[in-house]
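Novice: Next comes input03.txt, compact mmCIF, C-alpha atoms:
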# COMPACT_ATOMS: atom_id res chain seq x y z
CA MET C 1 25.81 -20.44 -31.74
CA LYS C 2 22.63 -20.41 -29.69
CA THR C 3 20.15 -17.57 -30.06
CA VAL C 4 17.21 -16.74 -27.78
CA ILE C 5 14.12 -14.94 -29.06
CA THR C 6 11.64 -13.68 -26.46
CA SER C 7 8.19 -15.12 -27.16
CA THR C 8 4.64 -14.69 -25.91
CA GLY C 9 3.90 -18.41 -26.38
CA ASN C 10 5.51 -21.80 -26.84
CA SER C 11 5.23 -22.34 -30.59
CA LEU C 12 6.81 -20.98 -33.76
CA GLY C 13 3.51 -19.27 -34.56
CA SER C 14 3.55 -17.33 -31.27
CA ASP C 15 4.02 -13.58 -31.29
CA PHE C 16 7.39 -12.05 -30.49
CA ASP C 17 7.49 -10.72 -26.89
CA LEU C 18 8.88 -7.18 -26.67
CA ARG C 19 9.85 -7.67 -23.02
CA PHE C 20 13.03 -9.42 -21.98
CA GLY C 21 12.91 -10.09 -18.22
CA ARG C 22 9.14 -10.48 -18.24
CA ALA C 23 8.74 -12.36 -21.52
CA ALA C 24 6.43 -15.35 -21.18
CA TRP C 25 8.65 -17.83 -23.06
CA PHE C 26 12.08 -18.10 -24.64
CA CYS C 27 12.66 -19.70 -28.01
CA LEU C 28 16.14 -21.23 -27.91
CA HIS C 29 17.47 -21.71 -31.42
CA ASP C 30 20.59 -23.77 -32.07
CA GLU C 31 22.17 -22.70 -35.35
CA GLU C 32 24.17 -25.92 -35.81
CA SER C 33 21.32 -28.38 -35.35
CA GLY C 34 18.62 -25.98 -36.49
CA GLU C 35 16.60 -27.13 -33.49
CA CYS C 36 14.17 -24.87 -31.59
CA THR C 37 13.16 -25.46 -28.01
CA PHE C 38 10.76 -23.39 -25.92
CA ILE C 39 11.58 -22.61 -22.31
CA GLU C 40 9.07 -21.07 -19.93
CA ASN C 41 10.19 -17.93 -18.08
CA VAL C 42 9.71 -18.75 -14.40
CA ASN C 43 10.79 -15.23 -13.41
CA ALA C 44 8.18 -13.40 -15.50
CA ASP C 45 6.14 -12.43 -12.42
CA ASP C 46 8.98 -11.70 -9.98
CA SER C 47 8.44 -8.48 -8.04
CA ASN C 48 11.87 -7.18 -9.02
CA GLY C 49 15.12 -8.20 -10.67
CA ALA C 50 13.43 -10.34 -13.35
CA GLY C 51 15.79 -9.09 -16.07
CA LEU C 52 18.82 -9.94 -13.97
CA LYS C 53 17.53 -13.44 -13.25
CA VAL C 54 16.76 -14.07 -16.91
CA SER C 55 20.23 -12.82 -17.95
CA GLU C 56 21.69 -15.31 -15.48
CA ARG C 57 19.74 -18.02 -17.29
CA MET C 58 21.06 -16.88 -20.68
CA VAL C 59 24.63 -17.25 -19.41
CA GLU C 60 23.86 -20.73 -18.10
CA LEU C 61 22.27 -21.78 -21.36
CA GLY C 62 25.40 -20.66 -23.20
CA VAL C 63 23.50 -18.23 -25.40
CA GLY C 64 25.47 -15.97 -27.76
CA LYS C 65 22.68 -13.69 -28.96
CA VAL C 66 19.36 -12.51 -27.49
CA ILE C 67 16.63 -10.89 -29.57
CA SER C 68 14.04 -8.84 -27.66
CA GLY C 69 12.19 -5.51 -27.66
CA ASP C 70 14.54 -3.89 -25.14
CA PHE C 71 16.85 -4.64 -22.22
CA GLY C 72 16.89 -2.98 -18.80
CA PRO C 73 20.12 -1.57 -17.34
CA LYS C 74 20.81 -4.44 -14.92
CA ALA C 75 20.21 -7.07 -17.59
CA LYS C 76 22.34 -5.13 -20.07
CA ASP C 77 25.28 -5.01 -17.63
CA LEU C 78 25.26 -8.73 -17.03
CA LEU C 79 24.80 -9.72 -20.68
CA ASP C 80 27.61 -7.36 -21.60
CA LYS C 81 29.91 -8.99 -19.05
CA PHE C 82 29.47 -12.33 -20.80
CA ASN C 83 29.66 -10.93 -24.32
CA ILE C 84 26.12 -11.90 -25.17
CA GLN C 85 24.94 -9.89 -28.14
CA MET C 86 21.69 -7.97 -27.61
CA VAL C 87 19.51 -7.37 -30.63
CA ILE C 88 16.67 -4.91 -30.24
CA LEU C 89 13.74 -5.46 -32.51
CA GLN C 90 10.63 -3.29 -32.30
CA ASN C 91 8.59 -5.64 -34.45
CA GLU C 92 5.29 -5.90 -32.67
CA GLY C 93 3.09 -8.55 -34.21
CA ALA C 94 5.92 -10.56 -35.79
CA THR C 95 5.88 -14.29 -35.06
CA ILE C 96 8.86 -16.31 -33.89
CA GLN C 97 8.92 -18.00 -37.32
CA ASN C 98 9.13 -14.56 -39.04
CA ILE C 99 12.19 -13.67 -36.98
CA LEU C 100 13.84 -17.07 -37.50
CA ASP C 101 13.40 -16.68 -41.25
CA LYS C 102 15.26 -13.38 -41.11
CA LEU C 103 18.14 -14.99 -39.20
CA LYS C 104 18.87 -17.40 -42.04
CA MET H 12 2.14 8.04 25.46
CA SER H 13 2.30 10.53 22.61
CA TYR H 14 -0.77 11.31 20.54
CA LYS H 15 0.32 10.79 16.95
CA ILE H 16 -1.15 12.87 14.15
CA ALA H 17 -0.17 12.04 10.56
CA ILE H 18 -0.71 14.52 7.70
CA ALA H 19 -1.32 12.85 4.33
CA SER H 20 -2.89 13.93 1.06
CA GLY H 21 -2.99 11.59 -1.89
CA LYS H 22 -2.40 14.26 -4.50
CA GLY H 23 0.87 16.18 -4.24
CA GLY H 24 0.82 19.96 -3.91
CA THR H 25 -2.39 20.16 -1.90
CA GLY H 26 -0.66 21.80 1.05
CA LYS H 27 0.35 18.88 3.23
CA THR H 28 3.58 20.49 4.37
CA SER H 29 2.08 23.92 4.99
CA VAL H 30 -0.71 22.36 7.03
CA ALA H 31 1.75 20.14 8.93
CA VAL H 32 4.12 22.94 9.91
CA ASN H 33 1.25 25.25 10.84
CA LEU H 34 -0.43 22.59 12.94
CA TYR H 35 2.88 22.09 14.70
CA HIS H 36 3.22 25.83 15.19
CA PHE H 37 -0.27 26.46 16.52
CA LEU H 38 -0.52 23.27 18.57
CA ALA H 39 2.77 24.32 20.22
CA ARG H 40 1.45 27.87 20.78
CA GLU H 41 -2.11 27.05 21.85
CA PHE H 42 -1.86 23.59 23.32
CA THR H 43 1.48 22.18 24.44
CA GLY H 44 5.13 22.95 23.81
CA ASN H 45 5.80 19.27 24.35
CA ILE H 46 5.39 18.49 20.65
CA GLN H 47 7.70 17.22 17.91
CA ILE H 48 7.34 17.15 14.11
CA LEU H 49 8.78 14.34 11.97
CA ASP H 50 9.35 14.94 8.27
CA CYS H 51 8.58 11.50 6.87
CA ASP H 52 8.66 12.70 3.25
CA VAL H 53 12.20 11.36 3.12
CA GLU H 54 12.56 11.71 -0.66
CA GLU H 55 12.14 15.47 -0.47
CA PRO H 56 11.86 16.69 3.10
CA ASN H 57 11.05 20.39 3.21
CA ASP H 58 9.39 21.11 6.56
CA LEU H 59 12.62 22.81 7.60
CA LEU H 60 12.16 25.55 4.98
CA PHE H 61 9.30 26.96 7.04
CA PHE H 62 11.25 27.33 10.26
CA THR H 63 13.51 30.28 9.59
CA GLU H 64 15.18 30.21 13.00
CA HIS H 65 16.29 26.60 13.14
CA LYS H 66 19.53 25.24 14.59
CA GLN H 67 20.88 21.90 13.48
CA GLY H 68 21.43 19.35 16.21
CA LEU H 69 22.54 15.75 16.07
CA GLN H 70 22.76 14.07 12.66
CA GLU H 71 22.84 10.31 12.40
CA THR H 72 23.62 8.19 9.34
CA ILE H 73 21.19 5.34 8.85
CA ASN H 74 22.57 2.14 7.37
CA GLN H 75 21.20 -0.96 5.78
CA LEU H 76 23.09 -4.26 5.74
CA ILE H 77 24.03 -5.65 2.33
CA PRO H 78 25.79 -9.00 1.94
CA GLU H 79 29.27 -9.45 0.52
CA ILE H 80 30.22 -12.90 -0.72
CA ASP H 81 33.69 -14.33 -0.25
CA ALA H 82 34.51 -16.08 -3.55
CA GLU H 83 37.08 -18.29 -1.77
CA LEU H 84 34.50 -19.75 0.59
CA CYS H 85 31.49 -19.78 -1.78
CA THR H 86 30.59 -23.22 -3.16
CA TYR H 87 28.13 -21.77 -5.71
CA CYS H 88 25.34 -23.84 -4.15
CA ARG H 89 22.89 -21.01 -4.88
CA ASN H 90 21.06 -21.38 -1.57
CA CYS H 91 21.37 -17.65 -0.91
CA SER H 92 20.04 -16.63 -4.31
CA GLU H 93 17.10 -19.03 -3.95
CA TYR H 94 16.26 -17.55 -0.53
CA CYS H 95 16.40 -14.00 -1.93
CA GLU H 96 12.88 -12.71 -2.62
CA PHE H 97 14.29 -9.67 -4.43
CA ASN H 98 16.67 -11.30 -6.95
CA ALA H 99 19.54 -9.30 -5.50
CA LEU H 100 22.03 -12.18 -5.72
CA THR H 101 23.34 -13.46 -9.03
CA ILE H 102 25.23 -16.75 -8.76
CA ILE H 103 26.18 -18.55 -11.99
CA PRO H 104 27.95 -21.84 -11.11
CA PRO H 105 29.30 -22.91 -14.52
CA VAL H 106 31.23 -19.66 -14.92
CA LYS H 107 31.88 -19.16 -11.19
CA PHE H 108 30.23 -15.76 -11.18
CA ILE H 109 28.96 -13.91 -8.09
CA GLN H 110 27.26 -10.52 -7.99
CA VAL H 111 25.33 -8.68 -5.30
CA ASN H 112 22.99 -5.97 -6.56
CA ASP H 113 22.67 -3.48 -3.71
CA VAL H 114 19.77 -1.59 -5.32
CA LEU H 115 17.63 -4.72 -5.19
CA CYS H 116 18.72 -5.80 -1.69
CA HIS H 117 16.12 -5.15 1.04
CA SER H 118 18.40 -6.19 3.92
CA CYS H 119 16.08 -8.97 5.04
CA GLY H 120 18.99 -11.18 6.10
CA ALA H 121 17.60 -14.36 4.50
CA CYS H 122 20.83 -14.98 2.54
CA SER H 123 22.86 -15.08 5.75
CA VAL H 124 20.54 -17.74 7.10
CA ALA H 125 20.73 -19.66 3.81
CA CYS H 126 24.53 -19.78 3.59
CA THR H 127 25.98 -22.87 5.28
CA GLU H 128 29.58 -22.06 4.28
CA GLU H 129 29.91 -18.77 6.16
CA ALA H 130 30.86 -17.21 2.83
CA LEU H 131 28.52 -14.30 3.37
CA LYS H 132 29.03 -11.27 5.56
CA GLU H 133 26.77 -8.27 5.90
CA VAL H 134 28.27 -4.84 5.36
CA LYS H 135 26.77 -1.44 6.28
CA HIS H 136 25.62 0.81 3.44
CA SER H 137 24.17 4.26 4.08
CA ILE H 138 20.52 4.82 3.08
CA GLY H 139 20.29 8.37 4.40
CA THR H 140 20.28 10.52 7.50
CA VAL H 141 18.07 11.47 10.42
CA THR H 142 18.71 15.01 11.66
CA ASN H 143 17.45 16.81 14.71
CA TYR H 144 16.64 20.54 14.48
CA ASP H 145 15.85 22.98 17.23
CA LEU H 146 13.07 25.27 15.98
CA GLY H 147 12.90 27.68 18.89
CA LEU H 148 9.38 26.38 19.51
CA GLY H 149 8.26 22.99 20.78
CA LYS H 150 10.62 20.02 20.82
CA GLY H 151 11.74 20.55 17.26
CA LEU H 152 11.96 18.74 13.97
CA LEU H 153 13.31 15.29 13.19
CA GLU H 154 14.02 15.05 9.49
CA GLY H 155 14.63 11.90 7.46
CA LYS H 156 16.56 12.36 4.24
CA LEU H 157 17.00 9.46 1.84
CA ARG H 158 20.33 9.12 0.06
CA ILE H 159 19.83 9.80 -3.65
CA GLY H 160 19.59 6.47 -5.45
CA SER H 161 18.43 4.49 -2.41
CA ALA H 162 15.03 2.80 -2.61
CA MET H 163 14.74 2.12 1.12
CA GLN H 164 12.10 4.75 1.97
CA THR H 165 10.09 2.61 4.36
CA MET H 166 13.16 1.43 6.24
CA LEU H 167 14.32 5.03 6.72
CA ILE H 168 10.85 6.14 7.87
CA LYS H 169 10.80 3.29 10.38
CA GLU H 170 14.25 4.30 11.69
CA LEU H 171 13.20 7.97 11.79
CA LYS H 172 10.10 7.16 13.84
CA SER H 173 12.03 4.99 16.26
CA ARG H 174 14.04 8.12 17.14
CA ALA H 175 10.98 10.28 17.95
CA ASP H 176 10.83 11.75 21.45
CA SER H 177 8.35 9.38 23.08
CA ASN H 178 7.93 11.72 26.05
CA CYS H 179 6.19 14.26 23.82
CA ASP H 180 2.46 14.79 24.25
CA ILE H 181 1.99 15.15 20.50
CA LEU H 182 3.95 13.87 17.50
CA ILE H 183 3.21 15.17 13.99
CA PHE H 184 4.15 12.94 11.05
CA ASP H 185 4.33 14.76 7.71
CA ALA H 186 3.75 12.02 5.10
CA PRO H 187 4.89 11.85 1.48
CA PRO H 188 2.21 12.30 -1.22
CA GLY H 189 0.46 9.34 -2.80
CA THR H 190 -0.84 6.08 -1.33
CA SER H 191 2.32 3.98 -1.58
CA CYS H 192 4.30 1.97 0.99
CA SER H 193 6.02 5.05 2.42
CA VAL H 194 2.62 6.65 3.14
CA VAL H 195 1.42 3.44 4.81
CA GLN H 196 4.62 3.36 6.87
CA THR H 197 4.01 6.96 7.97
CA VAL H 198 0.35 6.62 8.98
CA VAL H 199 0.37 3.03 10.25
CA ASP H 200 0.79 3.87 13.95
CA ALA H 201 -0.98 7.26 13.91
CA ASP H 202 -3.90 7.88 16.28
CA PHE H 203 -5.44 10.31 13.83
CA VAL H 204 -4.80 11.19 10.19
CA VAL H 205 -5.38 14.65 8.72
CA LEU H 206 -5.99 14.40 4.98
CA VAL H 207 -5.25 17.61 3.14
CA THR H 208 -7.05 18.10 -0.16
CA GLU H 209 -7.79 20.84 -2.65
CA PRO H 210 -11.26 21.23 -4.17
CA THR H 211 -10.26 20.25 -7.72
CA PRO H 212 -11.17 17.11 -9.70
CA PHE H 213 -7.58 15.83 -9.27
CA GLY H 214 -7.63 16.58 -5.56
CA LEU H 215 -10.92 14.73 -5.12
CA HIS H 216 -9.83 11.76 -7.21
CA ASP H 217 -6.71 11.18 -5.13
CA LEU H 218 -8.52 11.99 -1.89
CA LYS H 219 -10.91 9.11 -2.59
CA LEU H 220 -7.95 6.74 -3.01
CA THR H 221 -6.45 7.95 0.26
CA ILE H 222 -9.78 7.59 2.08
CA GLU H 223 -9.94 3.98 0.85
CA LEU H 224 -6.45 3.42 2.23
CA MET H 225 -7.45 4.91 5.60
CA LYS H 226 -10.44 2.57 5.73
CA ASP H 227 -8.24 -0.42 4.87
CA LEU H 228 -5.88 0.56 7.67
CA ASN H 229 -8.77 1.20 10.06
CA LYS H 230 -7.63 4.76 10.70
CA ASP H 231 -9.55 7.55 12.34
CA PHE H 232 -9.30 10.54 9.96
CA GLY H 233 -10.66 13.93 8.97
CA VAL H 234 -10.18 16.26 6.01
CA VAL H 235 -8.76 19.76 5.71
CA ILE H 236 -9.82 21.54 2.52
CA ASN H 237 -6.96 23.78 1.45
CA LYS H 238 -7.32 26.43 -1.28
CA ALA H 239 -11.06 26.51 -0.47
CA GLY H 240 -13.07 28.57 -2.94
CA LEU H 241 -11.13 27.15 -5.87
CA GLY H 242 -12.87 24.73 -8.24
CA SER H 243 -16.35 23.41 -7.55
CA GLY H 244 -18.23 22.29 -4.47
CA GLU H 245 -17.84 18.64 -5.45
CA THR H 246 -15.34 17.84 -2.70
CA GLN H 247 -17.55 19.25 0.07
CA GLU H 248 -20.54 17.40 -1.36
CA TYR H 249 -18.64 14.13 -1.46
CA LEU H 250 -17.44 14.50 2.13
CA VAL H 251 -20.89 15.41 3.46
CA GLN H 252 -22.56 12.58 1.56
CA ASN H 253 -20.06 10.06 2.89
CA ASN H 254 -20.20 11.37 6.43
CA ILE H 255 -16.54 12.30 6.53
CA GLU H 256 -15.48 14.91 9.05
CA ILE H 257 -14.29 18.24 7.62
CA LEU H 258 -11.76 19.54 10.15
CA GLY H 259 -11.58 22.97 8.58
CA GLU H 260 -10.97 25.00 5.45
CA ILE H 261 -8.14 27.28 4.43
CA PRO H 262 -9.20 29.83 1.82
CA PHE H 263 -7.45 30.22 -1.53
CA LYS H 264 -5.61 33.50 -0.99
CA ARG H 265 -2.74 35.35 -2.60
CA GLU H 266 -1.46 36.31 0.85
CA PHE H 267 -0.95 32.68 1.77
CA ALA H 268 0.93 31.91 -1.45
CA GLU H 269 3.22 34.91 -0.92
CA LEU H 270 4.07 33.95 2.66
CA TYR H 271 4.56 30.33 1.62
CA ALA H 272 6.98 31.34 -1.14
CA GLU H 273 9.10 33.17 1.43
CA GLY H 274 8.91 30.36 3.94
CA LEU H 275 7.04 32.65 6.35
CA LEU H 276 4.12 30.78 7.84
CA GLY H 277 3.01 30.60 11.48
CA ASP H 278 3.44 33.94 13.28
CA HIS H 279 3.85 35.88 10.03
CA MET H 280 0.31 35.18 8.85
CA SER H 281 -2.57 37.63 9.13
CA GLU H 282 -5.06 37.19 11.97
CA ASP H 283 -7.61 35.84 9.49
CA LEU H 284 -5.33 33.07 8.28
CA LYS H 285 -4.16 32.30 11.79
CA SER H 286 -7.73 31.88 12.94
CA ASP H 287 -8.37 29.32 10.17
CA PHE H 288 -5.53 27.19 11.53
CA ILE H 289 -6.46 27.78 15.17
CA LYS H 290 -9.95 26.45 14.39
CA ILE H 291 -8.42 23.22 13.07
CA VAL H 292 -6.06 23.04 16.05
CA ASN H 293 -9.02 23.34 18.41
CA VAL H 294 -10.81 20.45 16.71
CA LEU H 295 -7.66 18.33 17.01
CA GLY H 296 -7.19 19.50 20.59
CA GLN H 297 -10.63 18.10 21.47
CA LYS H 298 -9.66 14.74 19.98
CA ILE H 299 -6.44 14.66 21.96
CA LEU H 300 -8.31 15.45 25.20
CA VAL H 301 -10.90 12.73 24.52
CA ASN H 302 -8.07 10.29 23.79
CA GLU H 303 -6.30 11.22 27.03
CA GLY H 304 -9.57 10.81 28.93
CA ASN H 305 -9.99 7.32 27.47
CA TYR H 306 -6.40 6.51 28.29
CA HIS H 307 -6.68 7.51 31.94
CA SER H 308 -10.09 6.02 32.67
Rewrite the structure from the file as structure tokens, please.
Specialist:
Amino acid sequence: MKTVITSTGNSLGSDFDLRFGRAAWFCLHDEESGECTFIENVNADDSNGAGLKVSERMVELGVGKVISGDFGPKAKDLLDKFNIQMVILQNEGATIQNILDKLK
Amino acid sequence: MSYKIAIASGKGGTGKTSVAVNLYHFLAREFTGNIQILDCDVEEPNDLLFFTEHKQGLQETINQLIPEIDAELCTYCRNCSEYCEFNALTIIPPVKFIQVNDVLCHSCGACSVACTEEALKEVKHSIGTVTNYDLGLGKGLLEGKLRIGSAMQTMLIKELKSRADSNCDILIFDAPPGTSCSVVQTVVDADFVVLVTEPTPFGLHDLKLTIELMKDLNKDFGVVINKAGLGSGETQEYLVQNNIEILGEIPFKREFAELYAEGLLGDHMSEDLKSDFIKIVNVLGQKILVNEGNYHS
């Protein structure tokens, strides 16, 4: 399964981003290969509907689980429709590596 | 050509509505009956509360156009969703998913232009109403009321204004509080803006923001100090120092609050209170005459 963790930067040492639609980066983790790729969020500065656009991206990427600080109502609806699990983590200051370690 | 006066405030609760309805009342009494008031505070219009003898006239539903996508004709090319500035269209090709989010849609029509497959048609959705009221004085009230849940304030204000009686000598626009888009939409075509403030630190803080907005919009404006006597003299000092016209003051009085609470302004006020409003009306009257003079010469 693929998991996305919202990130403030593009490395494993970057801080976890508490925002979903307006996160700076996404860390895409593939459980099978153990590979991590970082994808920039092009919708981070959209005037509205960023969460919806990012959810659309999650569906396209074939993600099964998203870890973020919270999810807005429009994003929640769409992620729910595609059975994407939402994990809310209020861990400010944790790095992407910290969260990945917990997943194992 | 109507002379358009907008009433704005910045801070809420300064007395914008009471000033607006009283200006309407006394301008109609002292100046011309050919006057109409537009309640542009479409999220909570309450000018009507102060006209106890109103009769409802024509009510019109105002619609916005929101696209519907025909899944049979759609090729999932995503042109429409790329054109959409507001992220209102969700198209996910691999799973053949289409969704239109009507809260995000601003009815700009770009998606219809983008679609080459004629898969998109625009459907009417109500954003609120515009209602005409006879007030037994002047040409009456035109009230905009936004449908709960709609975020199309500016569109409704625009539609409301387009229905104003253009044969009127004077139009009064009662603006919403704040300095947001709906306030801009209300004051944008006004000839003069009356800013209502209260002499408190909050009142002054928000007044300064509103004054900045008026300067940005190149608007001619003056200030009415409501609840005068309350707080400190800071507001007066600021206005004098910055050379901003004070149109008049309305004293902080229990009598006013009591009448307001019962919806009894205008004729029901004491002579003292009336004269405070008549003074402001006379100042505005001068401006209207000067404007007319300029217009005819």
Novice: What's the 9 Å shell around Leu220 of chain H, counting only C-alpha atoms, without same-chain residues fewer than 3 positions away, as a PyMOL selection string?
Specialist: chain H and resi 21+189-190+215-217+223-225
Novice: Distance cut-off 8 Å, counting all atoms listed in the file - which residues of chain C neighbour chain H? Return them as a PyMOL selection string.
Specialist: chain C and resi 46-50+52-53+56+59-60
Novice: Please provide as an MDAnalysis selection string all residues within 6 Å of His29 of chain C, with the sequence filter that same-chain residues fewer than 6 positions apart are discarded (counting only C-alpha atoms).
Specialist: chainID C and resid 2:3 35:36
Novice: Dump as a list in words all residues having an atom at most 7 Å from (9.3, -15.1, -21.8), computed in the file's coordinates with all atoms listed in the file.
Specialist: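 Those within range, by chain then number, are Thr6, Ser7, Thr8, Asp17, Phe20, Arg22, Ala23, Ala24, Trp25, Phe26, Glu40, Asn41 and Ala44 of chain C.
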Novice: Calculate how many Å separate atom CA of Asp80 of chain C from atom CA of Leu28 of chain C, rounding to one decimal.
Specialist: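 Interatomic distance, atom CA of Asp80 of chain C to atom CA of Leu28 of chain C: 19.1 Å.
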